[in-house]
Every structure is written in structure tokens, then in C-alpha cells.
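Right, one structure below, let's go through it.
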Amino acid sequence: MKLLNKIFLLGASLGLMSCSDFLETPPLANPSDATFWTSYDRAEMWVSNAYKDLPGWQDYSFEPMSDNSAGPGRGNCNLVANGTFESTTNIVSYKWGYSYIRHCLELLNRLDDIPNLSVEQKNELAGQAHFIIALRYYEMVTLYRDVPLVTSVLAMEDSDIPKSPKADVLKYLLEQLELAINELPVSWSASETGRATKGAALALKARVMLYNERWAEAAEAAKAVMDLNVYELHPNYMEVFMTDFNNQTKEVILARQYAENLETHTMCFAHGFYTIGGSSQSMPLPDLVNSYECSDGLPITESPLFDAQNPWENRDPRFKMNFIVPFETFAGVTYDPINNQHDGLAAKTYIYFRKYIADMYTQQRSMWVNWIIFRYADVLLMYAEAKNEASGPDASVYDALDQIRKRAGMPEVDRNKYNTKETLRAFIRNERRVELAGEGLRYFDILRWKTAESVLNKEIVSYEIPGVLPLKTIETRVFNPAKHYVWPIPQSAIDKAKNLLQHDEWLK
């Protein structure tokens, strides 16, 4: 039985679809007594429900928070980009929550009560719980830094606890990850696709280490994923993000599962242009568009192939796979950037993301392309970055990058041009931007690189083709480095607690 079905089965069995957040509201009326924890099947349904906490398609909203795109996104995420967000802004509470941490801790507490569990079954259940706990804490410390650290199921009277330092939370989540790495299987049967694996836990470890500049450990974790010999780059870059290839490619390590008539989303509404029912929620900015090299491997500022009047041609093949450009036909409609607007839903930058809506052949609102959380190309990029930062360029770094570029149809890395840690760093960062565009990771990159203050403090404008597409000013963005490298604790959480205090940066 597929993972999504088991998620909905728990809802039917318990009459609920999630636990209440014990740091925000009273805990769930207790369904987790002896009448429930009677079999492996029930425990499996319980842990399956926690997969609802995995990042999903809504994470596209992190793109317009970055220098990659512009648009309102979800929950007023444009306010993050222009520096006007506060602790009460909707998007600020997006990644805050303890419901599924409690949910998974409850499972871990009950494992010894379940009769007739084999060692393998116990490990699989525990490994998934440890992984989801680690993932939730990773997301919170990455944005909010210091957060309450909860390691056991708390009674309501004990749940008002203060923040713990980020270092303490990191230590705990890495302990959870090590348990997950040891307990999770390398793969599941086809009917259980979408569950966390050893590779997913290692990929998360690589990302956590990378984001915290623990370079050698990040490279080691990424290399461990590579050494599993389970994953490989899919031959066709675009197909990775199409419905027909949901769970059908060895490149995807973990993805949030969607399915027709079961759980769908409206990415087409977010990324599409008005005449196919879209609303311009996230539109690529010129800085992103211009980061794509020409097909000869040279930047557009250096390549003789670049034509400012015909800028979409002779580019990195990923350009056309990632973007819908003016006057091309998409989903049976010719995209007219000049007249594509209605009630303010304008083609502000003139370019749209194709990624994740590439197989939108008709003007539909429901889609079920899986949202990719970890894929092998990202692991190769994490390895290349971490290894270069740890010890400088070597053959393994170039090889990881060349795998990605060859798949895209681009030349290998120029070893003579990018032969120092500094020059290769700039190349890797750009390659990461190009390969992962539209996947919600750029915002976190510019935060961890401490470049947000330079790339976000500016007036953003549209693309421009003289005589064809006029230059338009979109907005002025502001990033305050003394404040904006950490998100505020959501005001809704502070209002329900006495011991949870706001970060000092957000009290000024």
C-alpha cells in the first residue's frame, strides 16, 4: 500500500490528520494508549502521518525571497525580500512547529509496547521518526537559529520552555540523524516509495554540515551518498521535474509525494502566466537569467555567441528547460509578455519558470508532480563545494561538477581558468544557482554565504530587450545584515508562552 494511502488511513482511524502543537495549543486528546499501539501496521500508519511535515511544493516561495525571482509567493513572502517582514507576517510561522516532533517522539516511546515487532521493523519505524525529527529541527535552526529543544513528550504544564542555543539543537539533530543513518534501509519496495532512506539521511547530514560550514564533514556525508551506488543523474534534466517521472528516476533521493485524485497541488497557478490561468507568484529576475552561460561554456559577457537582441539562443540547454521565454508557445498558448496581464497579474520580469510545470499541457489547476527534497545533482554540488572549501580544487571536485555539466550538454569545467579555491568557489556557486533554479534553495544559499546583504539591497528590474521588451522597475529591496540573517520567532508562538523570548535583533 502506498505511503499516501497510509497517511489518509491514519486520519480515518483516529479521526485526525495531525497532532496539535504542544508548544502552541493543548496536546492531542490521547489516542496513543494501549488500544492503538497493538501492531506494526498501526505504528506504520502513525509514522506515515508524519510525512505530511516534509517540505512540499509551497517551498517554491523561498525563490522570490532571494535574488532569483520576484513575486508575492505565499504568505507575503515578498515582504521578506523587501525587508518589511515582522514577527507577525504570515510566512514567518511557515517553518515553525513541534507537532510532528511530538508525533515522532510518541512513536519512539511506544515501540517497546508493540507486540511481535522484528528488529528490522523496529529499526525502520525508529529510523523514519529520527529522520523527521532531524529534518524539522534543521529547518527551524536554519531560519530561526535558537529554538526550544524538545527531546521527549512533554505534558502541557511542562511545555513552556525557553530557547536553546543553536549549537545544542544542532548537536541533538545530528544525533538523531546518526540513528536514522544506521537504522534506515538503503531502499524500500516500490509500494513504499517516498519513505526516508539511508541516502536521504546522509543527504540531510551533508546539507546540515554544508549550511554550518563544517566542510570536511559535509564532503564526507555527500561522498557517503555517492558511495552507496544507488543514485545517478537522470539522462534528461527536464524529465526529473515531470509527472511521468515521479518515482521513476534514480536521481531523486527523497521527494514529497503527490498523486492524481489523492493529493495534488497548484504549482501551475504559482508559476504560470495569466493566459493559462497563472498568477505570476514567482518570476525569474535578470540576475538569474544572466547567470546561464552560453553553450560554449562562457558567461554572456565573454561569449561571442551571445546576442542581446536574441538572448534566449545559444545558451546552456538548462535555460530553455527552466524558463518560459517571451513569444514561445506553452500549454497550447503563445505567451505574449506585453499583453499578459489582468487585475495586476502582470508579466513583471517577462520570464516564467518552466520547471515543475513543464508537463502542463492543458490549462489545469491541479498537478501532481512530486516536490524534490534531495536529488543526486545537489549531492554532487554539495560535495564539490564542501571539498573545495575544505582543501581546494582536486580531481574529485572537477569530476562531480563535470557529471552535472555533461548531463546538461555543457563543456567540462575549465581547469586552467578555475584553478584556485577562490575562482572555483565562484564557479560552483553559479553552477549551483543554474542547476537548482526554482527549487527553493537559493535563499538559504545567500544567507549562509553572507551575500544576501549585497544581492538583495537593490532596486530590482525586469529583463530588457531594446525595442522589444522595455525595462520596468519592480521594487526596491532592503536587507539589513544586523537583523535579517535570522528570522524572528513567530509572534503567535511568543503570545502563548511565558518563557519563549524574541531574538535580540528583532527587539530593536
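How things are named: the first chain in the C-alpha cells is A, the next is B, and so on; residues count from 1 in each chain; ligands count from 1 in the order shown.
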- Query: Within 12 Å of Ala270 of chain A, counting only C-alpha atoms, which residues qualify if same-chain residues fewer than 2 places away don't, as a PyMOL selection string?
  - Reply: chain A and resi 57-61+63-64+70-74+265-268+272-274+276-283+345+352-357+365-367+438
*as a PyMOL selection string, please: all residues of segment 336-501 of chain A that backbone DSSP puts in strand (DSSP E).*
chain A and resi 352-353+371-375+459-461+473-476
To one decimal place, how far is atom CA of Asn109 of chain A from atom CA of Arg207 of chain A in Å?
->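 Calculated distance between atom CA of Asn109 of chain A and atom CA of Arg207 of chain A is 28.1 Å.
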(Q) Quick check, in Å to one decimal: how far apart do atom CA of Ala201 of chain A and atom CA of Glu124 of chain A lie? (A)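 These atoms are spaced 12.7 Å apart.
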| request: Identify, on the basis of only C-alpha atoms, every residue whose closest approach to Thr349 of chain A does not exceed 8 Å; exclude the query and any residue fewer than 3 positions from it along the same chain; express the result as a list in words. | output: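 Close residues of Thr349 of chain A: Ala70, Met283, Pro284, Leu285, Pro286, Val461, Ser462, Tyr463 and Lys472 of chain A.
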* Asked: Near segment 390-399 of chain A, counting only C-alpha atoms, which residues have an atom at most 9 Å away, once you skip same-chain residues fewer than 4 positions from it, shown as an MDAnalysis selection string?
  -> chainID A and resid 214:216 219 380:381 383:386 403:404 412:413 415 418:422 424
| request: Choose the residue, out of A:Leu298, A:Lys498, A:Ser492, A:Met209, that has the smallest atom-to-atom separation from Trp96 of chain A; count only C-alpha atoms. | output: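 With only C-alpha atoms as the atom set, the closest residue is A:Ser492.
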Identify which of the residues A:Glu475, A:Asp504, A:Asp316, A:Asp414 lies closest to Val434 of chain A, counting only C-alpha atoms when measuring atom-to-atom distances.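 Counting only C-alpha atoms, the residue closest to Val434 of chain A is A:Asp316.
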So the first atom is atom CA of Ile133 of chain A and the second is atom CA of Thr151 of chain A; what is the distance between them in Å, to one decimal place?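 For atom CA of Ile133 of chain A relative to atom CA of Thr151 of chain A, the distance reads 9.4 Å.
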For Ser187 of chain A, find every residue with an atom within 7 Å (counting only C-alpha atoms), except residues of its own chain fewer than 2 positions away, and show them as an mmCIF file with C-alpha atoms, in the first residue's frame.
data_model
loop_
_atom_site.group_PDB
_atom_site.id
_atom_site.type_symbol
_atom_site.label_atom_id
_atom_site.label_comp_id
_atom_site.auth_asym_id
_atom_site.auth_seq_id
_atom_site.Cartn_x
_atom_site.Cartn_y
_atom_site.Cartn_z
ATOM 1 C CA PRO A 185 17.206 0.845 4.738
ATOM 2 C CA SER A 189 9.849 -1.711 -2.036
ATOM 3 C CA THR A 197 16.158 6.071 3.291
#
**Asked** DSSP on the backbone: what in segment 176-337 of chain A comes out alpha helix (DSSP H), as a PyMOL selection string?
**Response** chain A and resi 176-183+198-211+215-227+267-271+286-290+318-322
